[in-house]
$ cat my_file-v9.cif   # mmCIF, C-alpha atoms and all ligand atoms
data_start
loop_
_atom_site.group_PDB
_atom_site.id
_atom_site.type_symbol
_atom_site.label_atom_id
_atom_site.label_comp_id
_atom_site.auth_asym_id
_atom_site.auth_seq_id
_atom_site.Cartn_x
_atom_site.Cartn_y
_atom_site.Cartn_z
ATOM 1 C CA MET A 1 -59.701 -22.985 47.437
ATOM 2 C CA LEU A 2 -62.374 -21.649 45.117
ATOM 3 C CA TYR A 3 -64.023 -24.378 43.050
ATOM 4 C CA ASP A 4 -66.354 -24.006 40.068
ATOM 5 C CA LEU A 5 -67.182 -27.431 38.698
ATOM 6 C CA HIS A 6 -69.941 -26.589 36.206
ATOM 7 C CA CYS A 7 -69.817 -24.047 33.374
ATOM 8 C CA HIS A 8 -70.254 -23.800 29.601
ATOM 9 C CA SER A 9 -68.126 -22.629 26.689
ATOM 10 C CA ASN A 10 -69.124 -21.934 23.099
ATOM 11 C CA CYS A 11 -68.437 -25.606 22.362
ATOM 12 C CA SER A 12 -72.061 -26.007 23.578
ATOM 13 C CA ASP A 13 -74.464 -23.191 24.504
ATOM 14 C CA GLY A 14 -72.056 -20.862 26.315
ATOM 15 C CA GLU A 15 -70.786 -17.548 25.039
ATOM 16 C CA LEU A 16 -67.034 -17.708 25.597
ATOM 17 C CA ALA A 17 -64.370 -19.757 23.852
ATOM 18 C CA PRO A 18 -62.625 -22.168 26.267
ATOM 19 C CA THR A 19 -59.481 -20.021 26.597
ATOM 20 C CA ASP A 20 -61.572 -16.897 27.336
ATOM 21 C CA LEU A 21 -63.643 -18.853 29.845
ATOM 22 C CA ILE A 22 -60.478 -19.850 31.689
ATOM 23 C CA ALA A 23 -59.171 -16.271 31.648
ATOM 24 C CA ARG A 24 -62.457 -15.084 33.126
ATOM 25 C CA ALA A 25 -62.445 -17.813 35.776
ATOM 26 C CA ILE A 26 -58.951 -16.765 36.833
ATOM 27 C CA ASP A 27 -60.159 -13.124 37.014
ATOM 28 C CA HIS A 28 -62.921 -14.270 39.362
ATOM 29 C CA GLY A 29 -60.462 -16.079 41.620
ATOM 30 C CA VAL A 30 -61.410 -19.634 40.616
ATOM 31 C CA GLU A 31 -58.620 -22.067 41.458
ATOM 32 C CA VAL A 32 -60.197 -25.336 40.307
ATOM 33 C CA LEU A 33 -62.440 -25.253 37.238
ATOM 34 C CA SER A 34 -64.370 -27.817 35.238
ATOM 35 C CA ILE A 35 -65.805 -26.860 31.844
ATOM 36 C CA THR A 36 -68.877 -29.076 31.528
ATOM 37 C CA ASP A 37 -70.359 -28.543 28.090
ATOM 38 C CA HIS A 38 -73.580 -30.274 27.052
ATOM 39 C CA ASP A 39 -72.722 -33.697 25.599
ATOM 40 C CA THR A 40 -69.281 -32.657 24.372
ATOM 41 C CA ALA A 41 -65.696 -32.453 25.593
ATOM 42 C CA ASP A 42 -64.508 -30.406 22.594
ATOM 43 C CA ALA A 43 -63.266 -27.638 24.906
ATOM 44 C CA TYR A 44 -60.486 -29.942 26.096
ATOM 45 C CA GLN A 45 -59.201 -30.373 22.544
ATOM 46 C CA GLN A 46 -58.681 -26.619 22.393
ATOM 47 C CA LEU A 47 -56.822 -26.367 25.689
ATOM 48 C CA PRO A 48 -53.448 -27.558 26.946
ATOM 49 C CA ALA A 49 -53.839 -30.369 29.498
ATOM 50 C CA THR A 50 -52.165 -28.296 32.202
ATOM 51 C CA GLN A 51 -52.895 -24.686 33.013
ATOM 52 C CA GLN A 52 -50.496 -22.423 34.833
ATOM 53 C CA THR A 53 -52.819 -20.582 37.175
ATOM 54 C CA LEU A 54 -55.699 -22.928 37.775
ATOM 55 C CA THR A 55 -56.375 -26.629 37.973
ATOM 56 C CA LEU A 56 -58.587 -27.850 35.169
ATOM 57 C CA ILE A 57 -60.745 -30.915 35.879
ATOM 58 C CA PRO A 58 -62.002 -32.440 32.609
ATOM 59 C CA GLY A 59 -65.795 -32.608 32.685
ATOM 60 C CA ILE A 60 -69.012 -32.916 30.689
ATOM 61 C CA GLU A 61 -72.757 -32.443 31.237
ATOM 62 C CA PHE A 62 -74.718 -35.335 29.758
ATOM 63 C CA SER A 63 -78.408 -35.102 28.883
ATOM 64 C CA THR A 64 -80.674 -37.968 29.861
ATOM 65 C CA SER A 65 -84.271 -38.437 30.842
ATOM 66 C CA TRP A 66 -85.846 -40.105 33.837
ATOM 67 C CA GLN A 67 -89.601 -40.690 34.054
ATOM 68 C CA LYS A 68 -90.036 -38.350 31.069
ATOM 69 C CA ILE A 69 -88.215 -35.492 32.801
ATOM 70 C CA GLY A 70 -85.059 -34.046 31.254
ATOM 71 C CA ILE A 71 -82.194 -34.641 33.693
ATOM 72 C CA HIS A 72 -78.563 -33.533 33.487
ATOM 73 C CA ILE A 73 -75.669 -35.588 34.819
ATOM 74 C CA VAL A 74 -72.267 -33.965 35.152
ATOM 75 C CA GLY A 75 -69.199 -36.165 34.770
ATOM 76 C CA LEU A 76 -66.150 -34.860 36.627
ATOM 77 C CA ASN A 77 -62.554 -35.958 36.224
ATOM 78 C CA ILE A 78 -63.375 -37.921 33.086
ATOM 79 C CA ASP A 79 -60.843 -38.857 30.435
ATOM 80 C CA PRO A 80 -62.100 -37.051 27.303
ATOM 81 C CA THR A 81 -59.842 -39.181 25.095
ATOM 82 C CA ASP A 82 -61.128 -42.533 26.433
ATOM 83 C CA SER A 83 -62.552 -44.517 23.498
ATOM 84 C CA THR A 84 -65.862 -45.322 25.236
ATOM 85 C CA MET A 85 -66.289 -41.661 26.152
ATOM 86 C CA VAL A 86 -65.562 -40.575 22.564
ATOM 87 C CA ALA A 87 -68.124 -43.089 21.240
ATOM 88 C CA ALA A 88 -70.673 -41.959 23.837
ATOM 89 C CA ILE A 89 -70.221 -38.326 22.887
ATOM 90 C CA ASN A 90 -70.700 -39.186 19.215
ATOM 91 C CA LEU A 91 -73.894 -41.044 20.077
ATOM 92 C CA GLN A 92 -75.273 -38.100 22.079
ATOM 93 C CA GLN A 93 -74.305 -35.617 19.360
ATOM 94 C CA SER A 94 -76.174 -37.672 16.719
ATOM 95 C CA ALA A 95 -79.160 -37.776 19.063
ATOM 96 C CA ARG A 96 -78.846 -34.006 19.522
ATOM 97 C CA GLN A 97 -78.893 -33.471 15.749
ATOM 98 C CA ARG A 98 -81.961 -35.718 15.243
ATOM 99 C CA ARG A 99 -83.671 -33.986 18.139
ATOM 100 C CA ALA A 100 -82.900 -30.563 16.635
ATOM 101 C CA GLU A 101 -84.637 -31.667 13.439
ATOM 102 C CA THR A 102 -87.699 -32.704 15.441
ATOM 103 C CA ILE A 103 -87.675 -29.420 17.372
ATOM 104 C CA ALA A 104 -87.392 -27.500 14.096
ATOM 105 C CA GLN A 105 -90.343 -29.367 12.554
ATOM 106 C CA LYS A 106 -92.469 -28.537 15.579
ATOM 107 C CA LEU A 107 -91.470 -24.872 15.507
ATOM 108 C CA GLU A 108 -92.176 -24.692 11.775
ATOM 109 C CA LYS A 109 -95.670 -26.067 12.347
ATOM 110 C CA LEU A 110 -96.169 -23.315 14.903
ATOM 111 C CA GLY A 111 -95.188 -20.682 12.331
ATOM 112 C CA ALA A 112 -91.425 -20.157 12.693
ATOM 113 C CA GLU A 113 -89.534 -19.840 9.414
ATOM 114 C CA ARG A 114 -86.504 -22.041 8.677
ATOM 115 C CA PRO A 115 -85.697 -22.610 12.371
ATOM 116 C CA LEU A 116 -83.150 -25.368 11.723
ATOM 117 C CA GLU A 117 -81.037 -23.237 9.400
ATOM 118 C CA GLY A 118 -81.388 -20.220 11.689
ATOM 119 C CA ALA A 119 -80.380 -22.056 14.872
ATOM 120 C CA GLN A 120 -77.537 -23.847 13.075
ATOM 121 C CA ALA A 121 -76.079 -20.528 11.899
ATOM 122 C CA ILE A 122 -76.056 -19.331 15.520
ATOM 123 C CA ALA A 123 -74.615 -22.585 16.902
ATOM 124 C CA GLY A 124 -71.708 -22.640 14.452
ATOM 125 C CA ASN A 125 -69.712 -25.791 15.193
ATOM 126 C CA ALA A 126 -71.483 -26.483 18.487
ATOM 127 C CA GLY A 127 -74.191 -29.154 18.778
ATOM 128 C CA LEU A 128 -77.650 -27.625 18.463
ATOM 129 C CA SER A 129 -79.213 -26.654 21.787
ATOM 130 C CA ARG A 130 -82.540 -25.122 22.685
ATOM 131 C CA PRO A 131 -80.809 -21.782 23.525
ATOM 132 C CA HIS A 132 -79.678 -21.586 19.880
ATOM 133 C CA PHE A 133 -83.318 -21.998 18.784
ATOM 134 C CA ALA A 134 -84.412 -19.443 21.399
ATOM 135 C CA GLN A 135 -81.894 -16.898 20.119
ATOM 136 C CA TYR A 136 -83.049 -17.471 16.547
ATOM 137 C CA LEU A 137 -86.746 -17.115 17.461
ATOM 138 C CA VAL A 138 -85.930 -13.741 19.019
ATOM 139 C CA GLU A 139 -83.621 -12.534 16.233
ATOM 140 C CA SER A 140 -86.151 -13.498 13.551
ATOM 141 C CA GLY A 141 -88.901 -11.596 15.375
ATOM 142 C CA PHE A 142 -90.983 -14.700 16.125
ATOM 143 C CA CYS A 143 -90.604 -14.187 19.896
ATOM 144 C CA LYS A 144 -90.272 -10.934 21.754
ATOM 145 C CA ASP A 145 -87.505 -12.147 24.030
ATOM 146 C CA TYR A 146 -85.505 -15.166 25.153
ATOM 147 C CA ASN A 147 -87.711 -15.853 28.171
ATOM 148 C CA GLN A 148 -90.824 -15.874 26.012
ATOM 149 C CA ALA A 149 -89.152 -18.322 23.615
ATOM 150 C CA PHE A 150 -88.660 -20.779 26.483
ATOM 151 C CA LYS A 151 -91.974 -20.061 28.148
ATOM 152 C CA LYS A 152 -94.026 -20.637 25.010
ATOM 153 C CA TYR A 153 -91.996 -23.008 22.858
ATOM 154 C CA LEU A 154 -88.864 -24.550 24.336
ATOM 155 C CA GLY A 155 -89.174 -24.857 28.115
ATOM 156 C CA ALA A 156 -90.141 -27.983 30.083
ATOM 157 C CA GLY A 157 -93.345 -29.519 28.743
ATOM 158 C CA LYS A 158 -93.514 -27.211 25.675
ATOM 159 C CA PRO A 159 -93.418 -28.478 22.067
ATOM 160 C CA GLY A 160 -89.660 -27.895 21.696
ATOM 161 C CA ASP A 161 -88.821 -29.847 24.861
ATOM 162 C CA VAL A 162 -87.948 -33.102 23.065
ATOM 163 C CA LYS A 163 -86.250 -35.695 25.279
ATOM 164 C CA GLN A 164 -86.817 -39.156 23.889
ATOM 165 C CA GLU A 165 -83.517 -39.202 22.004
ATOM 166 C CA TRP A 166 -81.211 -39.196 25.033
ATOM 167 C CA ALA A 167 -79.429 -42.239 26.426
ATOM 168 C CA CYS A 168 -80.799 -43.674 29.673
ATOM 169 C CA LEU A 169 -79.495 -42.804 33.121
ATOM 170 C CA GLN A 170 -77.635 -46.110 33.481
ATOM 171 C CA ASP A 171 -75.722 -45.646 30.206
ATOM 172 C CA VAL A 172 -74.744 -42.085 31.033
ATOM 173 C CA VAL A 173 -73.420 -43.043 34.477
ATOM 174 C CA ASP A 174 -71.590 -46.043 32.987
ATOM 175 C CA TRP A 175 -69.874 -43.829 30.396
ATOM 176 C CA ILE A 176 -68.691 -41.394 33.062
ATOM 177 C CA ARG A 177 -67.432 -44.109 35.402
ATOM 178 C CA GLY A 178 -65.948 -46.084 32.521
ATOM 179 C CA SER A 179 -63.686 -43.156 31.679
ATOM 180 C CA GLY A 180 -62.539 -42.799 35.295
ATOM 181 C CA GLY A 181 -64.980 -40.034 36.224
ATOM 182 C CA ILE A 182 -67.473 -39.329 38.990
ATOM 183 C CA ALA A 183 -71.169 -38.931 38.114
ATOM 184 C CA VAL A 184 -72.817 -35.878 39.673
ATOM 185 C CA LEU A 185 -76.536 -35.090 39.603
ATOM 186 C CA ALA A 186 -76.675 -31.547 38.218
ATOM 187 C CA HIS A 187 -78.798 -28.719 39.679
ATOM 188 C CA PRO A 188 -81.430 -30.872 41.506
ATOM 189 C CA HIS A 189 -83.512 -27.830 42.358
ATOM 190 C CA LYS A 190 -84.100 -26.978 38.674
ATOM 191 C CA TYR A 191 -86.267 -30.071 38.104
ATOM 192 C CA LYS A 192 -88.953 -28.588 40.360
ATOM 193 C CA MET A 193 -89.707 -32.024 41.823
ATOM 194 C CA THR A 194 -91.344 -32.765 45.129
ATOM 195 C CA ARG A 195 -88.909 -33.958 47.783
ATOM 196 C CA SER A 196 -90.132 -37.538 47.534
ATOM 197 C CA LYS A 197 -89.774 -37.602 43.747
ATOM 198 C CA LEU A 198 -86.268 -36.138 43.963
ATOM 199 C CA LEU A 199 -85.364 -38.830 46.508
ATOM 200 C CA ARG A 200 -86.619 -41.500 44.086
ATOM 201 C CA LEU A 201 -84.501 -39.997 41.295
ATOM 202 C CA ILE A 202 -81.468 -40.015 43.603
ATOM 203 C CA GLU A 203 -82.152 -43.647 44.587
ATOM 204 C CA ASP A 204 -82.131 -44.639 40.916
ATOM 205 C CA PHE A 205 -79.078 -42.477 40.250
ATOM 206 C CA LYS A 206 -77.208 -44.147 43.114
ATOM 207 C CA SER A 207 -78.242 -47.620 41.965
ATOM 208 C CA ALA A 208 -76.815 -46.742 38.550
ATOM 209 C CA GLY A 209 -73.498 -45.796 40.177
ATOM 210 C CA GLY A 210 -73.969 -42.060 40.726
ATOM 211 C CA GLU A 211 -71.872 -40.707 43.574
ATOM 212 C CA ALA A 212 -72.427 -36.965 43.973
ATOM 213 C CA MET A 213 -74.917 -34.131 43.608
ATOM 214 C CA GLU A 214 -74.662 -30.378 43.235
ATOM 215 C CA VAL A 215 -75.558 -28.768 46.531
ATOM 216 C CA LEU A 216 -74.895 -25.317 45.122
ATOM 217 C CA SER A 217 -75.772 -24.382 41.540
ATOM 218 C CA GLY A 218 -75.840 -20.818 40.277
ATOM 219 C CA LYS A 219 -77.628 -18.339 42.466
ATOM 220 C CA GLN A 220 -79.538 -20.146 45.163
ATOM 221 C CA THR A 221 -81.352 -18.983 48.251
ATOM 222 C CA PRO A 222 -79.946 -20.298 51.585
ATOM 223 C CA ASP A 223 -83.078 -22.367 52.289
ATOM 224 C CA ILE A 224 -82.616 -24.299 49.041
ATOM 225 C CA THR A 225 -78.961 -24.901 49.829
ATOM 226 C CA GLN A 226 -79.856 -26.128 53.313
ATOM 227 C CA ASN A 227 -82.486 -28.461 51.905
ATOM 228 C CA LEU A 228 -80.105 -29.890 49.273
ATOM 229 C CA GLN A 229 -77.351 -30.282 51.838
ATOM 230 C CA GLY A 230 -79.745 -32.319 53.994
ATOM 231 C CA ILE A 231 -80.720 -34.525 51.058
ATOM 232 C CA CYS A 232 -77.066 -34.955 50.082
ATOM 233 C CA GLU A 233 -76.161 -36.120 53.599
ATOM 234 C CA GLN A 234 -79.245 -38.317 53.957
ATOM 235 C CA MET A 235 -78.510 -40.058 50.654
ATOM 236 C CA GLY A 236 -74.797 -40.452 51.390
ATOM 237 C CA LEU A 237 -73.628 -38.555 48.323
ATOM 238 C CA LEU A 238 -70.581 -36.365 47.827
ATOM 239 C CA ALA A 239 -71.303 -32.682 47.290
ATOM 240 C CA SER A 240 -70.380 -30.568 44.279
ATOM 241 C CA ILE A 241 -70.613 -26.898 43.472
ATOM 242 C CA GLY A 242 -70.827 -24.932 40.229
ATOM 243 C CA SER A 243 -72.002 -21.654 38.740
ATOM 244 C CA ASP A 244 -73.540 -23.175 35.566
ATOM 245 C CA PHE A 245 -72.179 -20.052 33.905
ATOM 246 C CA HIS A 246 -73.207 -19.548 30.241
ATOM 247 C CA HIS A 247 -73.125 -15.829 29.430
ATOM 248 C CA THR A 248 -71.325 -12.703 30.548
ATOM 249 C CA GLN A 249 -74.616 -10.756 30.530
ATOM 250 C CA THR A 250 -76.379 -12.775 33.227
ATOM 251 C CA SER A 251 -75.687 -10.922 36.440
ATOM 252 C CA TRP A 252 -77.205 -13.665 38.613
ATOM 253 C CA CYS A 253 -74.610 -16.201 37.640
ATOM 254 C CA TYR A 254 -70.870 -15.679 37.297
ATOM 255 C CA LEU A 255 -67.852 -17.922 37.421
ATOM 256 C CA GLY A 256 -66.680 -18.779 40.909
ATOM 257 C CA MET A 257 -69.717 -17.320 42.587
ATOM 258 C CA HIS A 258 -69.686 -19.749 45.530
ATOM 259 C CA PRO A 259 -67.063 -19.201 48.185
ATOM 260 C CA HIS A 260 -67.853 -22.267 50.283
ATOM 261 C CA LEU A 261 -69.645 -25.561 50.391
ATOM 262 C CA PRO A 262 -71.579 -25.990 53.665
ATOM 263 C CA ASN A 263 -69.306 -27.524 56.311
ATOM 264 C CA ALA A 264 -71.420 -30.631 56.774
ATOM 265 C CA CYS A 265 -70.854 -31.716 53.148
ATOM 266 C CA LYS A 266 -68.247 -34.176 51.947
ATOM 267 C CA PRO A 267 -66.759 -32.467 48.896
ATOM 268 C CA VAL A 268 -66.538 -34.370 45.634
ATOM 269 C CA TRP A 269 -63.029 -32.997 45.055
ATOM 270 C CA GLU A 270 -61.658 -35.238 47.799
ATOM 271 C CA ARG A 271 -61.863 -37.895 45.099
ATOM 272 C CA PHE A 272 -59.882 -36.060 42.396
HETATM 273 P P1 LIG B 1 -80.666 -28.532 25.535
HETATM 274 O O1 LIG B 1 -79.302 -29.037 25.885
HETATM 275 O O2 LIG B 1 -80.843 -28.324 24.077
HETATM 276 O O3 LIG B 1 -81.757 -29.364 26.149
HETATM 277 O O4 LIG B 1 -80.790 -27.085 26.186
HETATM 278 C C1 LIG B 1 -80.707 -26.986 27.581
HETATM 279 C C2 LIG B 1 -80.209 -25.605 27.961
HETATM 280 O O5 LIG B 1 -81.226 -24.648 27.704
HETATM 281 C C3 LIG B 1 -79.914 -25.457 29.434
HETATM 282 O O6 LIG B 1 -78.640 -25.904 29.746
HETATM 283 C C4 LIG B 1 -80.031 -23.975 29.616
HETATM 284 O O7 LIG B 1 -78.834 -23.359 29.170
HETATM 285 C C5 LIG B 1 -81.151 -23.606 28.660
HETATM 286 N N1 LIG B 1 -82.479 -23.535 29.293
HETATM 287 C C6 LIG B 1 -83.274 -24.562 29.665
HETATM 288 N N2 LIG B 1 -84.448 -24.130 30.165
HETATM 289 C C7 LIG B 1 -84.403 -22.788 30.110
HETATM 290 C C8 LIG B 1 -85.309 -21.749 30.473
HETATM 291 N N3 LIG B 1 -86.512 -22.030 30.987
HETATM 292 N N4 LIG B 1 -84.925 -20.471 30.278
HETATM 293 C C9 LIG B 1 -83.711 -20.190 29.748
HETATM 294 N N5 LIG B 1 -82.810 -21.117 29.382
HETATM 295 C C10 LIG B 1 -83.139 -22.401 29.555
HETATM 296 MN MN MN B 2 -77.029 -24.846 28.827
HETATM 297 MN MN MN B 3 -77.981 -28.395 33.051
HETATM 298 MN MN MN B 4 -75.057 -26.639 32.691
#
$ encode --input "my_file-v9.cif" --output "structure tokens"
Amino acid sequence: MLYDLHCHSNCSDGELAPTDLIARAIDHGVEVLSITDHDTADAYQQLPATQQTLTLIPGIEFSTSWQKIGIHIVGLNIDPTDSTMVAAINLQQSARQRRAETIAQKLEKLGAERPLEGAQAIAGNAGLSRPHFAQYLVESGFCKDYNQAFKKYLGAGKPGDVKQEWACLQDVVDWIRGSGGIAVLAHPHKYKMTRSKLLRLIEDFKSAGGEAMEVLSGKQTPDITQNLQGICEQMGLLASIGSDFHHTQTSWCYLGMHPHLPNACKPVWERF
């Protein structure tokens, strides 16, 4: 079975509408897919609950922060219609909007013109994300390219990296579990933590009720996978796998890019 349990639609910062994302996943041979948009489950309102050619696992990617670092927690097999989940999503979306206003103020001070309006026009109905700001900064000529926008203004530790609005780790895990889901620590390698710091994060995540971590996320070198597999085993977590696909143009990341989870791992899907 080919699993891809982490990807984005245009309900958050992805390019494709949910139905197109599913069509593309099927093209790439994915048999079990979870669309995990940032702080929203809107994709599932646009899709029938059952799909003919693949199994859809309702999911979400919640934003939180831990020790002032932005952390993402994926919820798999959630119930998007659960009242606590709906309330939680509303809370995160309000936080996202307030945060976007703060980001915009900071960018304006740095010389960008009308960043809130510009990013909002790009986001359409989706909650405002840093990629929408990045795209606007490029399109308006303020930055030369997307990478520069993140490197100078929006990436970790830069003025546009505003995190204080997000719910805490405990709340996020409670929401996921409360709606019947499994909490998964997303892309641990992306936080660029030392091993000991990552182990402390995982300890806290487990104490909060977290049960799994992504051992494979996007394109990863084998040594990283081996390291994460070791940590996953050591910490007694279930293992998950996902492309974190956003755009059709990024050649390093496509739907269903991972054929197999390392044999030693206990797959999270045993719990679905
Ligand atoms: P937000 O949800 O507003 O915090 O935006 C987070 C999203 O921004 C991530 O899911 C990525 O899609 C994107 N992102 C974060 N950091 C970078 C980066 N350094 N370069 C490109 N995209 C990034
Ligand atoms: Mn994203
Ligand atoms: Mn993420
Ligand atoms: Mn993601």
$ closest_atom_pairs --input "my_file-v9.cif" --of "chain A" --to "ligand MN 2 (chain B)" --cutoff "7 Å" --atoms "only C-alpha atoms and all ligand atoms" --output "CSV"
residue,atom,partner,partner_atom,distance
A:His8,CA,B:MN2,MN,6.9
A:Asp13,CA,B:MN2,MN,5.3
A:Gly14,CA,B:MN2,MN,6.8
A:His38,CA,B:MN2,MN,6.7
A:His246,CA,B:MN2,MN,6.7
$ residues_around --input "my_file-v9.cif" --residues "Thr64 of chain A" --least-positions-apart "2" --cutoff "12 Å" --atoms "all atoms listed in the file" --output "PyMOL selection string"
chain A and resi 38-39+61-62+66-74+92+95-96+162-173+185-186+205
$ write_last_selection --input "my_file-v9.cif" --atoms "C-alpha atoms" --output "compact mmCIF listing (two decimals), keeping the file's coordinate frame"
# COMPACT_ATOMS: atom_id res chain seq x y z
CA HIS A 38 -73.58 -30.27 27.05
CA ASP A 39 -72.72 -33.70 25.60
CA GLU A 61 -72.76 -32.44 31.24
CA PHE A 62 -74.72 -35.34 29.76
CA TRP A 66 -85.85 -40.10 33.84
CA GLN A 67 -89.60 -40.69 34.05
CA LYS A 68 -90.04 -38.35 31.07
CA ILE A 69 -88.22 -35.49 32.80
CA GLY A 70 -85.06 -34.05 31.25
CA ILE A 71 -82.19 -34.64 33.69
CA HIS A 72 -78.56 -33.53 33.49
CA ILE A 73 -75.67 -35.59 34.82
CA VAL A 74 -72.27 -33.97 35.15
CA GLN A 92 -75.27 -38.10 22.08
CA ALA A 95 -79.16 -37.78 19.06
CA ARG A 96 -78.85 -34.01 19.52
CA VAL A 162 -87.95 -33.10 23.06
CA LYS A 163 -86.25 -35.70 25.28
CA GLN A 164 -86.82 -39.16 23.89
CA GLU A 165 -83.52 -39.20 22.00
CA TRP A 166 -81.21 -39.20 25.03
CA ALA A 167 -79.43 -42.24 26.43
CA CYS A 168 -80.80 -43.67 29.67
CA LEU A 169 -79.50 -42.80 33.12
CA GLN A 170 -77.64 -46.11 33.48
CA ASP A 171 -75.72 -45.65 30.21
CA VAL A 172 -74.74 -42.08 31.03
CA VAL A 173 -73.42 -43.04 34.48
CA LEU A 185 -76.54 -35.09 39.60
CA ALA A 186 -76.68 -31.55 38.22
CA PHE A 205 -79.08 -42.48 40.25
$ residues_near_ligand --input "my_file-v9.cif" --ligand "ligand LIG 1 (chain B)" --cutoff "6 Å" --atoms "only C-alpha atoms and all ligand atoms" --output "list in words"
His38, Ser129, Arg130, Pro131, Asn147, Phe150 and Gly155 of chain A
$ atom_distance --input "my_file-v9.cif" --atom1 "atom CA of Cys143 of chain A" --atom2 "atom CA of Thr248 of chain A"
22.1 Å
$ atom_distance --input "my_file-v9.cif" --atom1 "atom CA of Val138 of chain A" --atom2 "atom CA of Ala123 of chain A"
14.5 Å
$ resolve_selection --input "my_file-v9.cif" --expression "the PyMOL selection byres (((chain A and resi 77-91) around 9) and not hetatm)" --output "number ranges by chain"
A: 34, 39-42, 44-45, 57-60, 62, 75-76, 92-96, 167, 171-172, 175-182, 272
$ axis_aligned_box --input "my_file-v9.cif" --around "segment 194-203 of chain A" --padding-each-side "5 Å" --output "JSON"
{"center_x": -86.4, "center_y": -38.2, "center_z": 44.5, "size_x": 19.9, "size_y": 20.9, "size_z": 16.5}
$ residues_around --input "my_file-v9.cif" --residues "segment 229-238 of chain A" --least-positions-apart "6" --cutoff "6 Å" --atoms "all atoms listed in the file" --output "ChimeraX atom specification"
/A:211-212,215,266-268
$ atom_distance --input "my_file-v9.cif" --atom1 "atom CA of Leu54 of chain A" --atom2 "atom CA of Ile26 of chain A"
7.0 Å
